[in-house]
>>> print(open('start.pdb').read())   # PDB, C-alpha atoms and all ligand atoms
ATOM      1  CA  MET O 185      38.152 -68.588 -31.435  1.00  0.00           C
ATOM      2  CA  THR O 186      36.440 -70.766 -28.940  1.00  0.00           C
ATOM      3  CA  THR O 187      37.900 -72.207 -25.800  1.00  0.00           C
ATOM      4  CA  PRO O 188      36.979 -75.586 -24.351  1.00  0.00           C
ATOM      5  CA  ARG O 189      34.322 -73.719 -22.333  1.00  0.00           C
ATOM      6  CA  GLY O 190      32.863 -72.275 -25.537  1.00  0.00           C
ATOM      7  CA  LYS O 191      33.808 -68.637 -24.919  1.00  0.00           C
ATOM      8  CA  LEU O 192      35.014 -66.332 -27.667  1.00  0.00           C
ATOM      9  CA  VAL O 193      38.582 -65.150 -27.148  1.00  0.00           C
ATOM     10  CA  LEU O 194      39.601 -62.304 -29.419  1.00  0.00           C
ATOM     11  CA  PRO O 195      43.188 -61.550 -30.345  1.00  0.00           C
ATOM     12  CA  ASP O 196      44.578 -58.509 -28.547  1.00  0.00           C
ATOM     13  CA  VAL O 197      44.493 -56.413 -31.715  1.00  0.00           C
ATOM     14  CA  TYR O 198      40.689 -56.606 -31.870  1.00  0.00           C
ATOM     15  CA  CYS O 199      40.279 -55.630 -28.243  1.00  0.00           C
ATOM     16  CA  ARG O 200      42.605 -52.629 -28.532  1.00  0.00           C
ATOM     17  CA  TYR O 201      40.777 -51.271 -31.566  1.00  0.00           C
ATOM     18  CA  ALA O 202      37.349 -52.023 -30.187  1.00  0.00           C
ATOM     19  CA  VAL O 203      37.810 -49.751 -27.186  1.00  0.00           C
ATOM     20  CA  SER O 204      39.593 -46.993 -29.085  1.00  0.00           C
ATOM     21  CA  GLU O 205      37.607 -46.646 -32.277  1.00  0.00           C
ATOM     22  CA  GLY O 206      35.342 -43.804 -31.165  1.00  0.00           C
ATOM     23  CA  PRO O 207      38.029 -41.424 -29.867  1.00  0.00           C
ATOM     24  CA  LEU O 208      40.272 -42.230 -32.817  1.00  0.00           C
ATOM     25  CA  GLY O 209      37.499 -41.366 -35.239  1.00  0.00           C
ATOM     26  CA  ARG O 210      37.215 -37.940 -33.686  1.00  0.00           C
ATOM     27  CA  ASN O 211      40.945 -37.481 -34.260  1.00  0.00           C
ATOM     28  CA  GLY O 212      40.725 -38.544 -37.899  1.00  0.00           C
ATOM     29  CA  THR O 213      41.940 -42.133 -37.612  1.00  0.00           C
ATOM     30  CA  LEU O 214      39.712 -44.439 -39.625  1.00  0.00           C
ATOM     31  CA  PHE O 215      39.754 -48.217 -39.858  1.00  0.00           C
ATOM     32  CA  THR O 216      39.461 -50.064 -43.139  1.00  0.00           C
ATOM     33  CA  ARG O 217      40.049 -53.633 -44.204  1.00  0.00           C
ATOM     34  CA  GLN O 218      43.341 -52.425 -45.671  1.00  0.00           C
ATOM     35  CA  GLY O 219      44.490 -50.892 -42.392  1.00  0.00           C
ATOM     36  CA  LYS O 220      44.302 -47.541 -40.633  1.00  0.00           C
ATOM     37  CA  LEU O 221      43.656 -44.437 -42.709  1.00  0.00           C
ATOM     38  CA  MET O 222      44.745 -41.065 -41.348  1.00  0.00           C
ATOM     39  CA  ILE O 223      42.212 -38.737 -42.943  1.00  0.00           C
ATOM     40  CA  ARG O 224      44.191 -35.627 -41.868  1.00  0.00           C
ATOM     41  CA  ASN O 225      47.007 -36.532 -44.272  1.00  0.00           C
ATOM     42  CA  ALA O 226      47.317 -34.065 -47.160  1.00  0.00           C
ATOM     43  CA  ALA O 227      47.202 -36.928 -49.654  1.00  0.00           C
ATOM     44  CA  HIS O 228      43.440 -37.164 -49.070  1.00  0.00           C
ATOM     45  CA  ALA O 229      42.704 -33.481 -49.721  1.00  0.00           C
ATOM     46  CA  ARG O 230      41.305 -34.028 -53.234  1.00  0.00           C
ATOM     47  CA  ASP O 231      40.647 -37.761 -53.084  1.00  0.00           C
ATOM     48  CA  PRO O 232      37.183 -38.523 -54.504  1.00  0.00           C
ATOM     49  CA  ARG O 233      37.120 -42.097 -53.170  1.00  0.00           C
ATOM     50  CA  PRO O 234      35.199 -43.092 -50.056  1.00  0.00           C
ATOM     51  CA  VAL O 235      37.123 -43.960 -46.892  1.00  0.00           C
ATOM     52  CA  ASP O 236      36.617 -47.656 -47.607  1.00  0.00           C
ATOM     53  CA  ASP O 237      35.382 -48.916 -50.972  1.00  0.00           C
ATOM     54  CA  ASP O 238      33.775 -51.949 -49.320  1.00  0.00           C
ATOM     55  CA  CYS O 239      31.988 -50.042 -46.550  1.00  0.00           C
ATOM     56  CA  THR O 240      28.248 -49.370 -46.683  1.00  0.00           C
ATOM     57  CA  CYS O 241      28.087 -46.816 -43.870  1.00  0.00           C
ATOM     58  CA  TYR O 242      26.477 -43.398 -44.249  1.00  0.00           C
ATOM     59  CA  ALA O 243      29.855 -41.636 -44.411  1.00  0.00           C
ATOM     60  CA  CYS O 244      31.338 -43.891 -47.097  1.00  0.00           C
ATOM     61  CA  THR O 245      28.266 -43.856 -49.301  1.00  0.00           C
ATOM     62  CA  ARG O 246      27.821 -40.070 -49.209  1.00  0.00           C
ATOM     63  CA  PHE O 247      31.196 -38.394 -48.567  1.00  0.00           C
ATOM     64  CA  SER O 248      34.562 -38.540 -50.299  1.00  0.00           C
ATOM     65  CA  ARG O 249      37.851 -38.711 -48.442  1.00  0.00           C
ATOM     66  CA  GLY O 250      38.474 -35.125 -49.539  1.00  0.00           C
ATOM     67  CA  ALA O 251      35.175 -33.881 -48.137  1.00  0.00           C
ATOM     68  CA  LEU O 252      35.633 -35.780 -44.890  1.00  0.00           C
ATOM     69  CA  ARG O 253      39.189 -34.476 -44.528  1.00  0.00           C
ATOM     70  CA  HIS O 254      37.962 -30.914 -45.046  1.00  0.00           C
ATOM     71  CA  LEU O 255      35.351 -31.330 -42.317  1.00  0.00           C
ATOM     72  CA  VAL O 256      37.872 -32.834 -39.872  1.00  0.00           C
ATOM     73  CA  MET O 257      40.547 -30.224 -40.582  1.00  0.00           C
ATOM     74  CA  ALA O 258      38.022 -27.381 -40.223  1.00  0.00           C
ATOM     75  CA  GLY O 259      36.970 -28.740 -36.831  1.00  0.00           C
ATOM     76  CA  GLU O 260      33.409 -29.265 -37.985  1.00  0.00           C
ATOM     77  CA  MET O 261      31.507 -31.542 -35.662  1.00  0.00           C
ATOM     78  CA  LEU O 262      30.081 -33.362 -38.689  1.00  0.00           C
ATOM     79  CA  GLY O 263      33.591 -34.582 -39.576  1.00  0.00           C
ATOM     80  CA  ALA O 264      34.081 -36.183 -36.178  1.00  0.00           C
ATOM     81  CA  GLN O 265      30.567 -37.624 -36.270  1.00  0.00           C
ATOM     82  CA  LEU O 266      31.073 -39.176 -39.724  1.00  0.00           C
ATOM     83  CA  ALA O 267      34.481 -40.577 -38.761  1.00  0.00           C
ATOM     84  CA  THR O 268      33.080 -42.120 -35.593  1.00  0.00           C
ATOM     85  CA  LEU O 269      30.067 -43.452 -37.486  1.00  0.00           C
ATOM     86  CA  HIS O 270      32.370 -45.143 -40.000  1.00  0.00           C
ATOM     87  CA  ASN O 271      34.557 -46.668 -37.272  1.00  0.00           C
ATOM     88  CA  LEU O 272      31.560 -48.009 -35.365  1.00  0.00           C
ATOM     89  CA  HIS O 273      30.116 -49.448 -38.581  1.00  0.00           C
ATOM     90  CA  PHE O 274      33.489 -51.020 -39.362  1.00  0.00           C
ATOM     91  CA  TYR O 275      33.674 -52.523 -35.887  1.00  0.00           C
ATOM     92  CA  LEU O 276      30.162 -53.992 -36.128  1.00  0.00           C
ATOM     93  CA  GLU O 277      30.950 -55.450 -39.559  1.00  0.00           C
ATOM     94  CA  LEU O 278      34.177 -56.904 -38.172  1.00  0.00           C
ATOM     95  CA  MET O 279      32.237 -58.619 -35.398  1.00  0.00           C
ATOM     96  CA  ARG O 280      29.722 -59.895 -37.957  1.00  0.00           C
ATOM     97  CA  ARG O 281      32.560 -61.345 -40.052  1.00  0.00           C
ATOM     98  CA  ILE O 282      34.099 -62.945 -36.965  1.00  0.00           C
ATOM     99  CA  ARG O 283      30.781 -64.571 -36.069  1.00  0.00           C
ATOM    100  CA  ALA O 284      30.389 -65.801 -39.660  1.00  0.00           C
ATOM    101  CA  GLY O 285      33.977 -67.081 -39.640  1.00  0.00           C
ATOM    102  CA  LEU O 286      33.376 -68.952 -36.408  1.00  0.00           C
ATOM    103  CA  ALA O 287      30.242 -70.490 -37.861  1.00  0.00           C
ATOM    104  CA  ASP O 288      31.909 -71.729 -41.043  1.00  0.00           C
ATOM    105  CA  GLY O 289      35.355 -72.443 -39.560  1.00  0.00           C
ATOM    106  CA  THR O 290      37.297 -69.746 -41.452  1.00  0.00           C
ATOM    107  CA  PHE O 291      37.854 -67.364 -38.525  1.00  0.00           C
ATOM    108  CA  PRO O 292      41.574 -67.903 -37.902  1.00  0.00           C
ATOM    109  CA  GLU O 293      42.517 -67.173 -41.535  1.00  0.00           C
ATOM    110  CA  GLY O 294      40.359 -64.070 -41.833  1.00  0.00           C
ATOM    111  CA  ALA O 295      41.549 -62.764 -38.476  1.00  0.00           C
ATOM    112  CA  ALA O 296      45.185 -63.164 -39.452  1.00  0.00           C
ATOM    113  CA  ALA O 297      44.649 -61.233 -42.698  1.00  0.00           C
ATOM    114  CA  THR O 298      42.919 -58.340 -40.918  1.00  0.00           C
ATOM    115  CA  ALA O 299      45.437 -58.229 -38.072  1.00  0.00           C
ATOM    116  CA  GLY O 300      48.267 -58.162 -40.609  1.00  0.00           C
ATOM    117  CA  ALA O 301      46.802 -55.127 -42.371  1.00  0.00           C
ATOM    118  CA  TRP O 302      46.479 -53.222 -39.089  1.00  0.00           C
ATOM    119  CA  ALA O 303      49.990 -53.964 -37.829  1.00  0.00           C
TER     120      ALA O 303
HETATM  121 ZN    ZN C 401      32.325 -46.391 -43.891  1.00  0.00          ZN
END
>>> encode(input="start.pdb", output="structure tokens")
Amino acid sequence: MTTPRGKLVLPDVYCRYAVSEGPLGRNGTLFTRQGKLMIRNAAHARDPRPVDDDCTCYACTRFSRGALRHLVMAGEMLGAQLATLHNLHFYLELMRRIRAGLADGTFPEGAAATAGAWA
């Protein structure tokens, strides 16, 4: 959103996730358009899907949820690195979508949908 002075003001939910995405990735919390995904949950142990079907990051294009969960649970540094890589990629894509939404006037609707999924 823009203010009368032309500055971008992000809803609180974006700011909270922006500063916490790296540490959360190391703990196995991943962000997707559908909301947070806790990769440590047993439900992902044999899941062949990527973390986020719409994500083009290195982790999502090369590793399944099951493989990523195994790496995180085993304490392998690669698991934390892939999780952080995904979260940073997600954050950059989110900012790109916000900029595009501001440019074409669809930002408030898209922001509300994303914030609702993360609640
Ligand atoms: Zn990804």
>>> resolve_selection(input="start.pdb", expression="the PyMOL selection byres (((chain O and resi 245) around 12) and not hetatm)", output="PyMOL selection string")
chain O and resi 232-244+246-249+252+266+269-270
>>> closest_residue(input="start.pdb", among="O:Gly300, O:Arg283, O:Thr216, O:Arg224", to="Gly259 (chain O)", atoms="only C-alpha atoms")
O:Arg224
>>> closest_residue(input="start.pdb", among="O:Ala295, O:Leu214, O:Ala226, O:Ala251", to="ligand ZN 401 (chain C)", atoms="only C-alpha atoms and all ligand atoms")
O:Leu214
>>> atom_distance(input="start.pdb", atom1="CA of Tyr275 (chain O)", atom2="CA of Ile223 (chain O)")
17.7 Å
>>> atom_distance(input="start.pdb", atom1="CA of Gly250 (chain O)", atom2="CA of Asn271 (chain O)")
17.3 Å
>>> atom_distance(input="start.pdb", atom1="CA of Met279 (chain O)", atom2="CA of Phe215 (chain O)")
13.6 Å
